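Structure data (mmCIF, C-alpha atoms) from work_17.cif:
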data_protein
loop_
_atom_site.label_atom_id
_atom_site.label_comp_id
_atom_site.auth_asym_id
_atom_site.auth_seq_id
_atom_site.Cartn_x
_atom_site.Cartn_y
_atom_site.Cartn_z
CA MET R 1 0.00 0.00 0.00
CA ASN R 2 1.38 3.41 -0.97
CA ARG R 3 1.10 6.27 1.51
CA LEU R 4 -1.96 8.40 0.86
CA PRO R 5 -1.85 12.21 0.68
CA LEU R 6 -2.35 13.97 3.99
CA HIS R 7 -5.91 15.07 3.23
CA GLN R 8 -6.94 11.52 2.38
CA ASP R 9 -5.51 10.21 5.65
CA LEU R 10 -7.54 12.88 7.46
CA TYR R 11 -10.69 11.85 5.58
CA LEU R 12 -10.27 8.24 6.73
CA ILE R 13 -9.63 9.20 10.37
CA ALA R 14 -12.76 11.37 10.33
CA HIS R 15 -14.98 8.39 9.45
CA SER R 16 -15.87 5.24 11.35
CA GLU R 17 -14.97 1.80 10.01
CA ALA R 18 -18.53 1.62 8.66
CA GLY R 19 -18.05 4.87 6.74
CA LYS R 20 -20.03 7.15 9.05
CA LEU R 21 -18.84 10.77 9.13
CA LEU R 22 -17.83 11.68 12.70
CA THR R 23 -17.80 15.46 12.39
CA HIS R 24 -19.68 18.21 10.55
CA PRO R 25 -19.13 17.94 6.77
CA SER R 26 -18.32 21.63 6.34
CA SER R 27 -15.74 21.45 9.13
CA LEU R 28 -14.10 18.44 7.54
CA ALA R 29 -14.05 20.17 4.15
CA LEU R 30 -12.16 23.13 5.62
CA ALA R 31 -9.76 20.76 7.39
CA LEU R 32 -9.18 18.83 4.16
CA ALA R 33 -8.31 22.09 2.41
CA GLY R 34 -5.93 22.91 5.25
CA ALA R 35 -4.29 19.51 4.88
CA VAL R 36 -3.70 20.12 1.18
CA LEU R 37 -2.31 23.56 1.98
CA ALA R 38 0.10 21.97 4.47
CA GLU R 39 1.48 19.55 1.91
CA LEU R 40 1.84 22.34 -0.64
CA ILE R 41 3.81 24.36 1.90
CA LEU R 42 5.98 21.39 2.85
CA ASP R 43 6.67 20.71 -0.83
CA ASP R 44 7.72 24.36 -1.30
CA ARG R 45 4.96 24.93 -3.84
CA VAL R 46 3.20 27.73 -1.94
CA ALA R 47 3.94 30.07 0.95
CA VAL R 48 1.63 31.91 3.35
CA VAL R 49 2.94 35.23 4.61
CA GLN R 50 0.85 37.72 6.60
CA GLY R 51 -2.40 36.10 5.56
CA ARG R 52 -1.58 35.93 1.85
CA VAL R 53 -0.88 32.80 -0.13
CA THR R 54 1.70 32.93 -2.91
CA VAL R 55 2.59 30.31 -5.50
CA LEU R 56 6.26 29.33 -5.60
CA GLU R 57 5.91 26.49 -8.13
CA ARG R 58 3.00 25.80 -10.50
CA GLY R 59 4.32 22.51 -11.90
CA ARG R 60 2.06 19.45 -11.77
CA THR R 61 2.37 17.07 -8.80
CA GLY R 62 0.22 14.18 -9.96
CA ASP R 63 -2.31 14.90 -7.20
CA ALA R 64 -5.32 16.38 -9.00
CA ILE R 65 -6.72 18.04 -5.87
CA ALA R 66 -3.42 19.73 -4.94
CA ASP R 67 -2.91 20.90 -8.52
CA ALA R 68 -6.45 22.28 -8.67
CA MET R 69 -5.94 24.19 -5.43
CA VAL R 70 -2.76 25.79 -6.77
CA ASP R 71 -4.69 26.82 -9.87
CA LEU R 72 -7.17 28.66 -7.63
CA ILE R 73 -4.47 31.06 -6.50
CA PRO R 74 -4.62 34.10 -8.79
CA ARG R 75 -1.55 35.77 -10.19
CA ASP R 76 -2.58 39.23 -8.95
CA ARG R 77 -1.93 40.12 -5.32
CA ASP R 78 -5.39 41.62 -4.76
CA HIS R 79 -7.00 38.17 -4.35
CA GLU R 80 -4.46 36.16 -2.37
CA ASP R 81 -6.23 36.12 0.99
CA VAL R 82 -5.55 32.64 2.37
CA LYS R 83 -8.88 32.41 4.21
CA PHE R 84 -10.82 33.14 1.04
CA TRP R 85 -8.69 30.63 -0.85
CA ILE R 86 -9.27 27.86 1.70
CA LYS R 87 -13.02 28.47 1.81
CA THR R 88 -13.21 28.44 -1.98
CA ALA R 89 -11.20 25.24 -2.24
CA ALA R 90 -13.27 23.55 0.46
CA LYS R 91 -16.61 23.88 -1.36
CA ASP R 92 -16.51 20.47 -3.07
CA LEU R 93 -13.39 19.01 -1.47
CA TYR R 94 -15.19 16.46 0.67
CA GLU R 95 -16.84 14.84 -2.35
CA ARG R 96 -13.68 15.04 -4.48
CA THR R 97 -11.57 13.43 -1.77
CA ARG R 98 -14.11 10.64 -1.36
CA ASP R 99 -14.26 10.06 -5.11
CA ASP R 100 -10.45 9.90 -5.33
CA LEU R 101 -10.41 7.27 -2.58
CA VAL R 102 -13.03 5.27 -4.46
CA ALA R 103 -10.96 5.51 -7.66
CA LYS R 104 -7.91 4.22 -5.75
CA GLY R 105 -9.87 1.27 -4.40
CA VAL R 106 -9.62 2.47 -0.79
CA LEU R 107 -13.38 3.04 -0.47
CA ALA R 108 -16.31 1.30 -2.08
CA PRO R 109 -19.93 2.54 -2.29
CA VAL R 110 -22.36 0.31 -0.39
CA THR R 111 -26.14 0.68 -0.42
CA LYS R 112 -27.77 0.29 2.98
CA ARG R 113 -31.33 0.71 4.22
CA ARG R 114 -32.76 2.70 7.11
CA MET R 115 -35.38 0.75 9.05
CA GLY R 116 -35.06 -1.91 6.39
CA MET R 117 -36.75 0.31 3.82
CA LEU R 118 -35.16 3.63 2.86
CA PRO R 119 -31.98 3.12 0.80
CA TYR R 120 -28.91 5.29 1.33
CA LEU R 121 -25.34 5.18 0.11
CA ARG R 122 -22.31 4.86 2.36
CA TYR R 123 -18.65 4.61 1.39
CA GLN R 124 -16.83 1.89 3.30
CA LEU R 125 -13.21 0.80 3.49
CA THR R 126 -12.20 -2.04 1.22
CA ASP R 127 -9.46 -2.95 3.71
CA ILE R 128 -9.23 -1.82 7.34
CA THR R 129 -5.45 -1.53 6.89
CA TRP R 130 -5.96 1.80 5.12
CA ALA R 131 -7.50 3.32 8.25
CA VAL R 132 -4.86 1.76 10.48
CA ARG R 133 -2.08 3.24 8.36
CA ALA R 134 -3.79 6.65 8.21
CA ALA R 135 -3.90 6.94 11.99
CA SER R 136 -0.70 5.08 12.93
CA GLY R 137 1.56 8.13 12.99
CA VAL R 138 -0.90 10.15 15.05
CA ARG R 139 -1.24 7.31 17.56
CA SER R 140 2.53 6.91 17.87
CA ALA R 141 3.01 10.66 18.35
CA ALA R 142 0.22 10.93 20.93
CA GLU R 143 1.68 8.09 22.98
CA GLY R 144 5.24 9.35 22.64
CA PHE R 145 6.45 6.25 20.82
CA LYS R 146 7.80 8.12 17.81
CA GLU R 147 8.86 11.68 17.07
CA PRO R 148 6.43 13.03 14.44
CA ASP R 149 7.54 14.79 11.29
CA THR R 150 5.80 18.02 10.31
CA ARG R 151 3.29 16.21 8.10
CA CYS R 152 2.24 14.04 11.05
CA ALA R 153 2.19 17.05 13.38
CA VAL R 154 -0.29 18.82 11.09
CA LEU R 155 -2.46 15.71 11.02
CA CYS R 156 -2.38 15.57 14.84
CA GLY R 157 -3.50 19.19 15.02
CA LEU R 158 -6.32 18.76 12.51
CA VAL R 159 -7.61 15.67 14.32
CA SER R 160 -7.76 17.74 17.51
CA VAL R 161 -9.58 20.60 15.79
CA LEU R 162 -12.20 18.23 14.32
CA ARG R 163 -12.60 16.38 17.65
CA VAL R 164 -12.36 12.96 15.97
CA GLU R 165 -9.78 11.66 18.44
CA ALA R 166 -12.04 8.76 19.44
CA GLU R 167 -11.09 6.97 16.20
CA LEU R 168 -7.53 6.66 17.49
CA TYR R 169 -8.72 4.17 20.16
CA LEU R 170 -6.19 5.34 22.73
CA ASN R 171 -6.51 4.83 26.45
CA GLN R 172 -6.54 8.55 27.27
CA SER R 173 -9.31 10.92 28.24
CA SER R 174 -10.74 12.88 25.34
CA GLY R 175 -9.75 16.26 26.77
CA ARG R 176 -6.20 15.20 27.53
CA LEU R 177 -5.77 13.62 24.10
CA ILE R 178 -7.04 16.72 22.29
CA GLU R 179 -4.61 18.89 24.24
CA ARG R 180 -1.74 16.52 23.47
CA LEU R 181 -2.49 16.42 19.74
CA ARG R 182 -2.80 20.20 19.51
CA ALA R 183 0.46 20.65 21.43
CA ILE R 184 2.26 18.37 18.98
CA ALA R 185 1.24 20.65 16.10
CA ASP R 186 1.97 23.87 17.99
CA GLU R 187 5.42 22.74 19.09
CA ASP R 188 6.54 21.16 15.83
CA SER R 189 7.05 24.15 13.55
CA PHE R 190 5.68 27.50 12.47
CA GLU R 191 4.18 25.86 9.37
CA ALA R 192 2.27 23.21 11.33
CA LYS R 193 0.90 25.70 13.84
CA GLN R 194 0.01 28.15 11.07
CA VAL R 195 -2.14 25.65 9.17
CA VAL R 196 -3.88 24.22 12.24
CA ASP R 197 -4.62 27.69 13.64
CA LEU R 198 -6.02 28.76 10.28
CA VAL R 199 -8.38 25.80 10.04
CA ASP R 200 -9.45 26.20 13.67
CA THR R 201 -10.27 29.87 13.05
CA LEU R 202 -12.25 29.17 9.88
CA ILE R 203 -14.30 26.43 11.53
CA ALA R 204 -15.06 28.72 14.48
CA GLU R 205 -16.05 31.57 12.16
CA ALA R 206 -18.35 29.26 10.19
CA ALA R 207 -20.02 28.10 13.41
CA VAL R 208 -20.62 31.65 14.59
CA ALA R 209 -22.00 32.68 11.18
CA ILE R 210 -24.79 30.10 11.49
CA TYR R 211 -26.26 31.93 14.48
CA ARG R 212 -26.06 35.44 13.06
#
If you convert what's in this file into structure tokens, what do you get?
Amino acid sequence: MNRLPLHQDLYLIAHSEAGKLLTHPSSLALALAGAVLAELILDDRVAVVQGRVTVLERGRTGDAIADAMVDLIPRDRDHEDVKFWIKTAAKDLYERTRDDLVAKGVLAPVTKRRMGMLPYLRYQLTDITWAVRAASGVRSAAEGFKEPDTRCAVLCGLVSVLRVEAELYLNQSSGRLIERLRAIADEDSFEAKQVVDLVDTLIAEAAVAIYR
């Protein structure tokens, strides 16, 4: 099994083994966009400085979602606000990530029925190993077994923001685990903290907007 992109690992962690979404879909979409941003930063393809995102390299990566997100960044500096960019990219990112995982054979659509009557579609893992691999680095970092790299630190932070830590199946209280995961991101690097803080802010702003 090849390692999946960061945003696809996050997608798997944010769903149960049966394919049930464990957080709000709009929150996950923003976090997925943040995960793609993190990998673009780590690959030196984009930079975020004072709230603006700038392209450093427009070459193709082979990841259609990452390439599409780079294409969203305009060449004029009047429209480089990173918050706007993330929100724009997040609009259909949940569905696109799911469809990519289906195309890779990681997920498969399964028709189920509510109360034995009403049909609905759920996307389930074809092999539980994919979910185990997606969460293995986060588990190791949370338990102090392995020093995380920046990619893993970002994933830890995003898991804490989405409050999907229960899928890690660790023998720690929820509050303590969330604090530990967030601390891993905050202490790793400026880049990790920057992305996690950005996603946390956008999710909070979206929640407040609902009640206005």
TODO: Between R:Pro25, R:Gly19, R:Gly34, R:Pro148, single out the one closest to Ala108 of chain R, counting all atoms listed in the file.
DONE: R:Gly19
Given 5 Å on each side, where is the centre and what are the edge lengths in Å to one decimal of the axis-aligned box enclosing the listed atoms of segment 23-41 of chain R, as lines of an AutoDock Vina configuration file?
center_x = -7.9
center_y = 19.9
center_z = 5.9
size_x = 33.5
size_y = 18.9
size_z = 23.0
How close does segment 95-188 of chain R get to segment 192-198 of chain R? List, as a tab-separated table, each residue of segment 95-188 of chain R within 9 Å, its nearest atom pair and the distance in Å to one decimal, counting only C-alpha atoms.
residue	atom	partner	partner_atom	distance
R:Thr150	CA	R:Ala192	CA	6.4
R:Arg151	CA	R:Ala192	CA	7.8
R:Ala153	CA	R:Ala192	CA	6.5
R:Val154	CA	R:Ala192	CA	5.1
R:Leu155	CA	R:Val196	CA	8.7
R:Gly157	CA	R:Val196	CA	5.8
R:Leu158	CA	R:Val196	CA	6.0
R:Val161	CA	R:Val196	CA	7.6
R:Arg182	CA	R:Val196	CA	8.4
R:Ala185	CA	R:Ala192	CA	5.5
R:Asp186	CA	R:Lys193	CA	4.7
R:Glu187	CA	R:Lys193	CA	7.5
R:Asp188	CA	R:Ala192	CA	6.5
TODO: Run the PyMOL selection byres ((chain R and resi 176-178) around 9) against the file shown and list the residues it catches, as a VMD selection string.
DONE: chain R and resid 142 156 to 157 159 to 161 163 165 170 172 to 175 179 to 183
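Residues matched by the PyMOL selection byres ((chain R and resi 70) around 9) in this file: Leu40, Arg45, Val46, Val55, Glu57, Arg58, Ile65, Ala66, Asp67, Ala68, Met69, Asp71, Leu72, Ile73 and Pro74 of chain R.
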Task: Residue nearest Ser27 of chain R among R:Val82, R:Ala141, R:Val49, R:Leu10 (counting all atoms listed in the file) - done: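 Looking at the shortest contact to Ser27 of chain R, the residue is R:Leu10.
Of the listed residues (R:Ile13, R:Leu118, R:Ala38, R:Leu93), R:Ile13 comes nearest to Ala135 of chain R; the distances count all atoms listed in the file.
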- [ ] Tell me which residues the PyMOL selection byres ((chain R and resi 16) around 12) grabs here, as number ranges by chain.
- [x] R: 10-15, 17-23, 122-125, 128, 131-132, 164-169
